[in-house]
Amino acid sequence: MSQHPTKKARRENSGSSHSEFFPGISKIQYRPDASPTDLLCFRYYKADEEVLGRSMEDWLRFSVCYWHTFRGVGLDPFGGPTISRPWEDGTDSLENAKRRMRVAFEFFTKLGVKYWSFHDRDIAPEGATIEETNRNLDEIVDLALELQEQTGVKLLWNTCNLFSHKRYMNGAASNPDAHVVAYAATAVKKGLEIGKKLGAENFVFWGGREGYQSLLNTHLQSELSHMANFFKMAVKYKKEIGFTGQLLIEPKPKEPTKHQYDYDAMTVIGFLKHFGLDNDFKLNIEPNHTMLAGHAYEHDIIMSSALQMLGSIDANTGSPDLGWDTDQFPMDIRGATAICKGIIDQGGLAPGGLNFDAKVRRESTALADMFYAHIGAMDSFARGLRNAAKLVTDGHLEKLVADRYSSFTEGIGLKIAKGTATLQDCEAFIMKTGEPAVTSGEQEKYECLFNRYI
């Protein structure tokens, strides 16, 4: 299929009356008995299938991201665009933005997802002034609201791009220039307003350039304090306008800065608690970022969930051998199973979800590749959810873990667990019982058991 539209094709695709941008691709169906080579269908994802008392759709709450899926052109740090979509006319006009929005909602409905996510600059062009920028955004948001009402697709979350424009080269909320901080705050004010208008269930902050390249020109205490005050302004305004969405912060350790202030889940949680923001924010975890921080794929998801701070997940993966943020679609069943177990253990993700912050490879230039990528990822999580549900229902892993910590259910262990033990209590116990026995961690046993469910 040609990826380079003719002028005639562009004219035909430009109007709101155009009914189909993905001709030949029907609504994706669940077909478990389909041939292995029939890939434009779900083999495992069945939206209404009940798993542990809820529909698969409710557990997984899939969302398509606007930036990679509809604005991605195949760029990487070493090469220019490789992808040209037939609906694009090469401009950053409002007409092109509206056409792109219609393309997106056709994709959402054919794929069968209920949610989408975007940055402000993804959907509307930036103008010469903030007033023009906001007018552009309002016009596109009006169309998005109309399309949401027509299709039933909802907004999982929106966010502001506070990292691409040169004004943000030294950061946004942590910028050493107060003028830039005020500009970023103005963008967030508008972002919260349109989030409320579109019924966003969350609002995300990703500190793309909130960090430092050198400590020699950086006043850490000031930047962290200013960033906290920036978040406090957002909390205050959210309450003033009656926006009910959950505020989220997305950790990332590095890239584009040498060090980012939202390094990983524990760093963000520590920051929130230090500045008294932990009751207003939760975390949006991206596993690819977790891997860049040197952790296991599911680490930040499980860590933030254990501390009641997991809000949503940007479902993607990376290539550790490359060492940079590759934003690949998650196709690994083991990783999906681990994530789904975490989701089940905390009782679901709502109002968060699984947002596919992933992009097709720059070599994958066909329109159908957009569907293959999402179908494969959704099927991976469907398999992961079934695996995790069976693992939880059988209870073998849970019993092994409970047995491992059983010494905390009575005696000195119970006092330690409740926080009532003293150092003197511990000493008296040791004087009476002596040296503790060495007990095996049985890691391989747990891994073997987990693998039986994949």
# chains A, B, ... in the order shown; residues from 1 in each chain; ligands from 1
call {"tool": "residues_around", "arguments": {"residues": "Asn217 in chain A", "least_positions_apart": "4", "cutoff": "10 Å", "atoms": "only C-alpha atoms", "output": "mmCIF file with all heavy atoms, in the first residue's frame"}}
result
data_model
loop_
_atom_site.group_PDB
_atom_site.id
_atom_site.type_symbol
_atom_site.label_atom_id
_atom_site.label_comp_id
_atom_site.auth_asym_id
_atom_site.auth_seq_id
_atom_site.Cartn_x
_atom_site.Cartn_y
_atom_site.Cartn_z
ATOM 1 N N PRO A 176 15.332 27.592 35.534
ATOM 2 C CA PRO A 176 15.911 28.675 36.334
ATOM 3 C C PRO A 176 15.333 30.047 36.013
ATOM 4 O O PRO A 176 15.607 31.020 36.734
ATOM 5 C CB PRO A 176 17.402 28.611 35.992
ATOM 6 C CG PRO A 176 17.470 27.927 34.667
ATOM 7 C CD PRO A 176 16.332 26.959 34.645
ATOM 8 N N TYR A 212 18.862 17.847 35.306
ATOM 9 C CA TYR A 212 20.056 18.657 35.051
ATOM 10 C C TYR A 212 21.023 17.923 34.136
ATOM 11 O O TYR A 212 21.033 16.701 34.058
ATOM 12 C CB TYR A 212 20.761 19.028 36.366
ATOM 13 C CG TYR A 212 21.267 17.856 37.173
ATOM 14 C CD1 TYR A 212 22.469 17.223 36.857
ATOM 15 C CD2 TYR A 212 20.539 17.386 38.271
ATOM 16 C CE1 TYR A 212 22.936 16.141 37.600
ATOM 17 C CE2 TYR A 212 21.006 16.312 39.026
ATOM 18 C CZ TYR A 212 22.198 15.697 38.678
ATOM 19 O OH TYR A 212 22.656 14.628 39.416
ATOM 20 N N GLN A 213 21.810 18.717 33.432
ATOM 21 C CA GLN A 213 22.924 18.189 32.645
ATOM 22 C C GLN A 213 24.239 18.322 33.411
ATOM 23 O O GLN A 213 25.162 17.538 33.236
ATOM 24 C CB GLN A 213 23.033 18.942 31.307
ATOM 25 C CG GLN A 213 21.781 18.900 30.448
ATOM 26 C CD GLN A 213 21.507 17.544 29.831
ATOM 27 O OE1 GLN A 213 22.150 16.552 30.174
ATOM 28 N NE2 GLN A 213 20.542 17.476 28.929
#
call {"tool": "residues_around", "arguments": {"residues": "Gly323 in chain A", "least_positions_apart": "6", "cutoff": "10 Å", "atoms": "only C-alpha atoms", "output": "compact mmCIF listing (two decimals) with all heavy atoms, in the first residue's frame"}}
result
# COMPACT_ATOMS: atom_id res chain seq x y z
N MET A 291 13.09 0.11 33.01
CA MET A 291 14.27 -0.62 32.55
C MET A 291 15.46 0.32 32.39
O MET A 291 16.60 -0.05 32.70
CB MET A 291 13.95 -1.31 31.22
CG MET A 291 12.88 -2.40 31.35
SD MET A 291 12.18 -2.89 29.75
CE MET A 291 13.52 -3.87 29.09
N LEU A 292 15.22 1.56 31.95
CA LEU A 292 16.31 2.53 31.83
C LEU A 292 16.90 2.88 33.18
O LEU A 292 18.07 3.26 33.28
CB LEU A 292 15.80 3.81 31.15
CG LEU A 292 15.50 3.74 29.65
CD1 LEU A 292 14.94 5.07 29.17
CD2 LEU A 292 16.76 3.39 28.86
N GLY A 294 17.46 0.75 35.40
CA GLY A 294 18.22 -0.41 35.84
C GLY A 294 17.42 -1.42 36.64
O GLY A 294 17.98 -2.30 37.27
call {"tool": "closest_residue", "arguments": {"among": "A:Ala184, A:Leu198, A:Ile249, A:Val103", "to": "Glu146 in chain A", "atoms": "only C-alpha atoms"}}
result
A:Leu198
call {"tool": "residues_around", "arguments": {"residues": "range 313-317 of chain A", "least_positions_apart": "2", "cutoff": "6 Å", "atoms": "only C-alpha atoms", "output": "PyMOL selection string"}}
result
chain A and resi 284-288+327-330+354-358
call {"tool": "select_by_dssp", "arguments": {"residues": "range 363-408 of chain A", "states": "alpha helix (DSSP H)", "output": "ChimeraX atom specification"}}
result
/A:367-394,396-404
call {"tool": "residues_around", "arguments": {"residues": "range 71-75 of chain A", "least_positions_apart": "4", "cutoff": "7 Å", "atoms": "only C-alpha atoms", "output": "list in words"}}
result
Tyr66, Trp67, Gly79, Gly80, Pro81, Thr82, Ile83, Ser84, Asp122, Arg361 and Arg362 of chain A
call {"tool": "write_last_selection", "arguments": {"atoms": "N, CA, C and O atoms", "output": "PDB file, in the first residue's frame"}}
result
ATOM      1  N   TYR A  66      -1.918   9.194  21.241  1.00  0.00           N
ATOM      2  CA  TYR A  66      -2.026   9.982  20.010  1.00  0.00           C
ATOM      3  C   TYR A  66      -0.655  10.292  19.416  1.00  0.00           C
ATOM      4  O   TYR A  66      -0.496  10.309  18.197  1.00  0.00           O
ATOM      5  N   TRP A  67       0.347  10.546  20.284  1.00  0.00           N
ATOM      6  CA  TRP A  67       1.620  11.064  19.796  1.00  0.00           C
ATOM      7  C   TRP A  67       2.360  10.067  18.927  1.00  0.00           C
ATOM      8  O   TRP A  67       2.757  10.393  17.799  1.00  0.00           O
ATOM      9  N   GLY A  79      18.326   9.112  12.197  1.00  0.00           N
ATOM     10  CA  GLY A  79      17.731   9.166  10.871  1.00  0.00           C
ATOM     11  C   GLY A  79      16.436   9.938  10.848  1.00  0.00           C
ATOM     12  O   GLY A  79      15.749  10.074  11.863  1.00  0.00           O
ATOM     13  N   GLY A  80      16.099  10.451   9.677  1.00  0.00           N
ATOM     14  CA  GLY A  80      14.907  11.253   9.483  1.00  0.00           C
ATOM     15  C   GLY A  80      13.662  10.421   9.299  1.00  0.00           C
ATOM     16  O   GLY A  80      13.669   9.203   9.477  1.00  0.00           O
ATOM     17  N   PRO A  81      12.557  11.069   8.912  1.00  0.00           N
ATOM     18  CA  PRO A  81      11.271  10.384   8.778  1.00  0.00           C
ATOM     19  C   PRO A  81      11.304   9.276   7.732  1.00  0.00           C
ATOM     20  O   PRO A  81      11.977   9.388   6.706  1.00  0.00           O
ATOM     21  N   THR A  82      10.583   8.201   8.033  1.00  0.00           N
ATOM     22  CA  THR A  82      10.410   7.114   7.075  1.00  0.00           C
ATOM     23  C   THR A  82       8.932   6.843   6.793  1.00  0.00           C
ATOM     24  O   THR A  82       8.618   6.115   5.866  1.00  0.00           O
ATOM     25  N   ILE A  83       8.056   7.412   7.626  1.00  0.00           N
ATOM     26  CA  ILE A  83       6.630   7.112   7.542  1.00  0.00           C
ATOM     27  C   ILE A  83       5.865   8.338   7.080  1.00  0.00           C
ATOM     28  O   ILE A  83       5.989   9.424   7.651  1.00  0.00           O
ATOM     29  N   SER A  84       5.063   8.171   6.032  1.00  0.00           N
ATOM     30  CA  SER A  84       4.196   9.230   5.522  1.00  0.00           C
ATOM     31  C   SER A  84       2.797   8.659   5.385  1.00  0.00           C
ATOM     32  O   SER A  84       2.582   7.703   4.633  1.00  0.00           O
ATOM     33  N   ASP A 122       0.097  17.485  20.464  1.00  0.00           N
ATOM     34  CA  ASP A 122      -0.181  16.401  19.522  1.00  0.00           C
ATOM     35  C   ASP A 122      -1.374  16.732  18.651  1.00  0.00           C
ATOM     36  O   ASP A 122      -1.405  16.416  17.458  1.00  0.00           O
ATOM     37  N   ARG A 361       7.959   0.352  14.582  1.00  0.00           N
ATOM     38  CA  ARG A 361       9.354   0.595  14.206  1.00  0.00           C
ATOM     39  C   ARG A 361       9.424   1.482  12.970  1.00  0.00           C
ATOM     40  O   ARG A 361       8.503   1.513  12.150  1.00  0.00           O
ATOM     41  N   ARG A 362      10.502   2.195  12.819  1.00  0.00           N
ATOM     42  CA  ARG A 362      10.632   3.115  11.672  1.00  0.00           C
ATOM     43  C   ARG A 362      10.666   2.349  10.349  1.00  0.00           C
ATOM     44  O   ARG A 362      10.458   2.932   9.276  1.00  0.00           O
TER      45      ARG A 362
END
call {"tool": "residues_around", "arguments": {"residues": "Asn158 in chain A", "least_positions_apart": "4", "cutoff": "8 Å", "atoms": "only C-alpha atoms", "output": "list in words"}}
result
Ser117, Phe118, His119, Asp120, Gly191, Gly195, Ala200, Asn202, Phe203 and Val204 of chain A
call {"tool": "closest_atom_pairs", "arguments": {"of": "range 165-232 of chain A", "to": "range 124-129 of chain A", "cutoff": "12 Å", "atoms": "only C-alpha atoms", "output": "Markdown table"}}
result
| residue | atom | partner | partner_atom | distance |
| --- | --- | --- | --- | --- |
| A:His165 | CA | A:Glu126 | CA | 9.9 |
| A:Tyr183 | CA | A:Thr129 | CA | 11.3 |
| A:Ala187 | CA | A:Glu126 | CA | 11.2 |
call {"tool": "residues_around", "arguments": {"residues": "range 421-423 of chain A", "least_positions_apart": "5", "cutoff": "8 Å", "atoms": "only C-alpha atoms", "output": "compact mmCIF listing (two decimals) with all heavy atoms, in the first residue's frame"}}
result
# COMPACT_ATOMS: atom_id res chain seq x y z
N ILE A 412 7.58 -12.45 68.75
CA ILE A 412 8.37 -11.26 68.50
C ILE A 412 8.14 -10.72 67.09
O ILE A 412 8.16 -9.50 66.86
CB ILE A 412 9.89 -11.54 68.73
CG1 ILE A 412 10.69 -10.24 68.67
CG2 ILE A 412 10.39 -12.55 67.73
CD1 ILE A 412 10.33 -9.24 69.76
N LYS A 415 5.08 -8.55 67.04
CA LYS A 415 5.35 -7.25 67.67
C LYS A 415 6.15 -6.35 66.72
O LYS A 415 5.90 -5.14 66.63
CB LYS A 415 6.11 -7.45 68.99
CG LYS A 415 5.29 -8.15 70.07
CD LYS A 415 6.08 -8.27 71.37
CE LYS A 415 6.23 -6.93 72.07
NZ LYS A 415 6.86 -7.09 73.40
N ILE A 416 7.12 -6.93 65.98
CA ILE A 416 7.88 -6.15 64.99
C ILE A 416 6.95 -5.64 63.89
O ILE A 416 7.01 -4.48 63.49
CB ILE A 416 9.02 -7.00 64.40
CG1 ILE A 416 10.07 -7.31 65.46
CG2 ILE A 416 9.65 -6.31 63.21
CD1 ILE A 416 11.14 -8.31 65.02
call {"tool": "select_by_dssp", "arguments": {"residues": "range 220-440 of chain A", "states": "strand (DSSP E or B)", "output": "MDAnalysis selection string"}}
result
chainID A and resid 246:249 259:260 281:285 310:314 317 328 354:356
call {"tool": "write_last_selection", "arguments": {"atoms": "N, CA, C and O atoms", "output": "CSV table (one decimal), in the first residue's frame"}}
result
chain,number,residue,atom,x,y,z
A,246,GLN,N,-7.7,12.1,38.3
A,246,GLN,CA,-6.5,11.8,39.1
A,246,GLN,C,-5.2,12.4,38.5
A,246,GLN,O,-5.0,12.3,37.3
A,247,LEU,N,-4.5,13.1,39.3
A,247,LEU,CA,-3.2,13.7,38.8
A,247,LEU,C,-2.1,12.6,38.9
A,247,LEU,O,-2.0,11.9,40.0
A,248,LEU,N,-1.3,12.5,37.9
A,248,LEU,CA,-0.3,11.4,37.8
A,248,LEU,C,1.1,12.0,37.4
A,248,LEU,O,1.1,13.0,36.7
A,249,ILE,N,2.1,11.5,38.0
A,249,ILE,CA,3.5,11.8,37.6
A,249,ILE,C,4.1,10.5,37.0
A,249,ILE,O,4.0,9.5,37.5
A,259,HIS,N,20.3,13.6,34.2
A,259,HIS,CA,19.6,13.0,35.4
A,259,HIS,C,18.2,13.8,35.5
A,259,HIS,O,18.2,15.0,35.4
A,260,GLN,N,17.1,13.0,35.6
A,260,GLN,CA,15.8,13.6,35.8
A,260,GLN,C,15.3,13.5,37.2
A,260,GLN,O,15.6,12.4,37.9
A,281,PHE,N,-1.4,13.1,44.3
A,281,PHE,CA,-0.8,12.5,43.1
A,281,PHE,C,-0.6,11.0,43.2
A,281,PHE,O,-0.4,10.5,44.3
A,282,LYS,N,-0.7,10.3,42.1
A,282,LYS,CA,-0.2,8.9,42.0
A,282,LYS,C,0.7,8.8,40.8
A,282,LYS,O,1.1,9.8,40.2
A,283,LEU,N,1.2,7.6,40.5
A,283,LEU,CA,2.2,7.5,39.5
A,283,LEU,C,1.6,6.8,38.2
A,283,LEU,O,0.8,5.9,38.3
A,284,ASN,N,2.1,7.3,37.1
A,284,ASN,CA,1.9,6.6,35.8
A,284,ASN,C,3.2,6.0,35.4
A,284,ASN,O,4.2,6.7,35.1
A,285,ILE,N,3.2,4.6,35.5
A,285,ILE,CA,4.5,3.9,35.3
A,285,ILE,C,4.7,3.4,33.8
A,285,ILE,O,3.8,2.8,33.3
A,310,LEU,N,0.2,3.4,42.7
A,310,LEU,CA,0.1,3.1,41.2
A,310,LEU,C,-1.2,3.6,40.7
A,310,LEU,O,-2.3,3.2,41.2
A,311,GLY,N,-1.2,4.5,39.7
A,311,GLY,CA,-2.4,5.1,39.2
A,311,GLY,C,-2.7,4.6,37.8
A,311,GLY,O,-3.8,4.3,37.5
A,312,SER,N,-1.7,4.5,36.9
A,312,SER,CA,-1.9,4.0,35.6
A,312,SER,C,-0.6,3.5,35.0
A,312,SER,O,0.5,3.6,35.6
A,313,ILE,N,-0.6,2.9,33.8
A,313,ILE,CA,0.5,2.2,33.2
A,313,ILE,C,0.6,2.6,31.7
A,313,ILE,O,-0.4,2.5,31.0
A,314,ASP,N,1.8,3.1,31.3
A,314,ASP,CA,2.1,3.3,29.9
A,314,ASP,C,2.7,2.0,29.4
A,314,ASP,O,3.9,1.8,29.5
A,317,THR,N,7.6,-1.5,26.1
A,317,THR,CA,8.8,-2.2,26.5
A,317,THR,C,10.0,-1.6,25.8
A,317,THR,O,9.8,-0.7,24.9
A,328,GLN,N,8.8,0.3,22.4
A,328,GLN,CA,8.3,-0.8,21.6
A,328,GLN,C,6.9,-1.4,22.2
A,328,GLN,O,6.7,-1.2,23.4
A,354,LEU,N,-4.2,0.9,30.7
A,354,LEU,CA,-3.0,0.5,30.0
A,354,LEU,C,-2.9,1.3,28.7
A,354,LEU,O,-3.6,1.0,27.7
A,355,ASN,N,-2.1,2.3,28.8
A,355,ASN,CA,-2.0,3.2,27.6
A,355,ASN,C,-0.8,2.7,26.8
A,355,ASN,O,0.3,2.6,27.3
A,356,PHE,N,-1.0,2.5,25.5
A,356,PHE,CA,0.1,2.0,24.6
A,356,PHE,C,1.0,3.1,24.2
A,356,PHE,O,0.8,3.6,23.1
call {"tool": "closest_residue", "arguments": {"among": "A:Val113, A:Ala178, A:Ile344, A:Leu307", "to": "His374 in chain A", "atoms": "only C-alpha atoms"}}
result
A:Val113
call {"tool": "residues_around", "arguments": {"residues": "Pro256 in chain A", "least_positions_apart": "2", "cutoff": "7 Å", "atoms": "only C-alpha atoms", "output": "list in words"}}
result
Gly208, Arg209, Lys254 and Lys258 of chain A
call {"tool": "write_last_selection", "arguments": {"atoms": "all heavy atoms", "output": "PDB file, in the first residue's frame"}}
result
ATOM      1  N   GLY A 208       9.786  15.921  31.059  1.00  0.00           N
ATOM      2  CA  GLY A 208      10.724  15.587  29.988  1.00  0.00           C
ATOM      3  C   GLY A 208      12.093  16.223  30.135  1.00  0.00           C
ATOM      4  O   GLY A 208      13.103  15.618  29.786  1.00  0.00           O
ATOM      5  N   ARG A 209      12.134  17.452  30.644  1.00  0.00           N
ATOM      6  CA  ARG A 209      13.430  18.113  30.841  1.00  0.00           C
ATOM      7  C   ARG A 209      13.583  18.653  32.264  1.00  0.00           C
ATOM      8  O   ARG A 209      14.341  19.587  32.507  1.00  0.00           O
ATOM      9  CB  ARG A 209      13.623  19.228  29.807  1.00  0.00           C
ATOM     10  CG  ARG A 209      13.644  18.689  28.380  1.00  0.00           C
ATOM     11  CD  ARG A 209      14.022  19.732  27.354  1.00  0.00           C
ATOM     12  NE  ARG A 209      13.854  19.204  26.011  1.00  0.00           N
ATOM     13  CZ  ARG A 209      14.768  18.478  25.354  1.00  0.00           C
ATOM     14  NH1 ARG A 209      15.934  18.215  25.923  1.00  0.00           N
ATOM     15  NH2 ARG A 209      14.532  18.038  24.141  1.00  0.00           N
ATOM     16  N   LYS A 254      16.490   9.232  32.929  1.00  0.00           N
ATOM     17  CA  LYS A 254      17.419  10.009  32.105  1.00  0.00           C
ATOM     18  C   LYS A 254      16.825  10.134  30.702  1.00  0.00           C
ATOM     19  O   LYS A 254      15.774   9.574  30.421  1.00  0.00           O
ATOM     20  CB  LYS A 254      18.769   9.295  32.016  1.00  0.00           C
ATOM     21  CG  LYS A 254      18.649   7.870  31.460  1.00  0.00           C
ATOM     22  CD  LYS A 254      19.962   7.125  31.499  1.00  0.00           C
ATOM     23  CE  LYS A 254      19.791   5.697  30.993  1.00  0.00           C
ATOM     24  NZ  LYS A 254      21.043   4.938  31.016  1.00  0.00           N
ATOM     25  N   LYS A 258      20.644  14.413  31.602  1.00  0.00           N
ATOM     26  CA  LYS A 258      21.585  13.448  32.185  1.00  0.00           C
ATOM     27  C   LYS A 258      20.962  12.769  33.386  1.00  0.00           C
ATOM     28  O   LYS A 258      21.112  11.568  33.599  1.00  0.00           O
ATOM     29  CB  LYS A 258      22.870  14.169  32.576  1.00  0.00           C
ATOM     30  CG  LYS A 258      23.918  13.290  33.232  1.00  0.00           C
ATOM     31  CD  LYS A 258      25.166  14.100  33.565  1.00  0.00           C
ATOM     32  CE  LYS A 258      26.227  13.235  34.213  1.00  0.00           C
ATOM     33  NZ  LYS A 258      27.447  14.025  34.529  1.00  0.00           N
TER      34      LYS A 258
END
call {"tool": "atom_distance", "arguments": {"atom1": "CA of Ala437 in chain A", "atom2": "CA of Ala417 in chain A"}}
result
19.8 Å
call {"tool": "closest_residue", "arguments": {"among": "A:Ala350, A:Met331, A:Met169, A:Met309", "to": "Arg61 in chain A", "atoms": "only C-alpha atoms"}}
result
A:Ala350
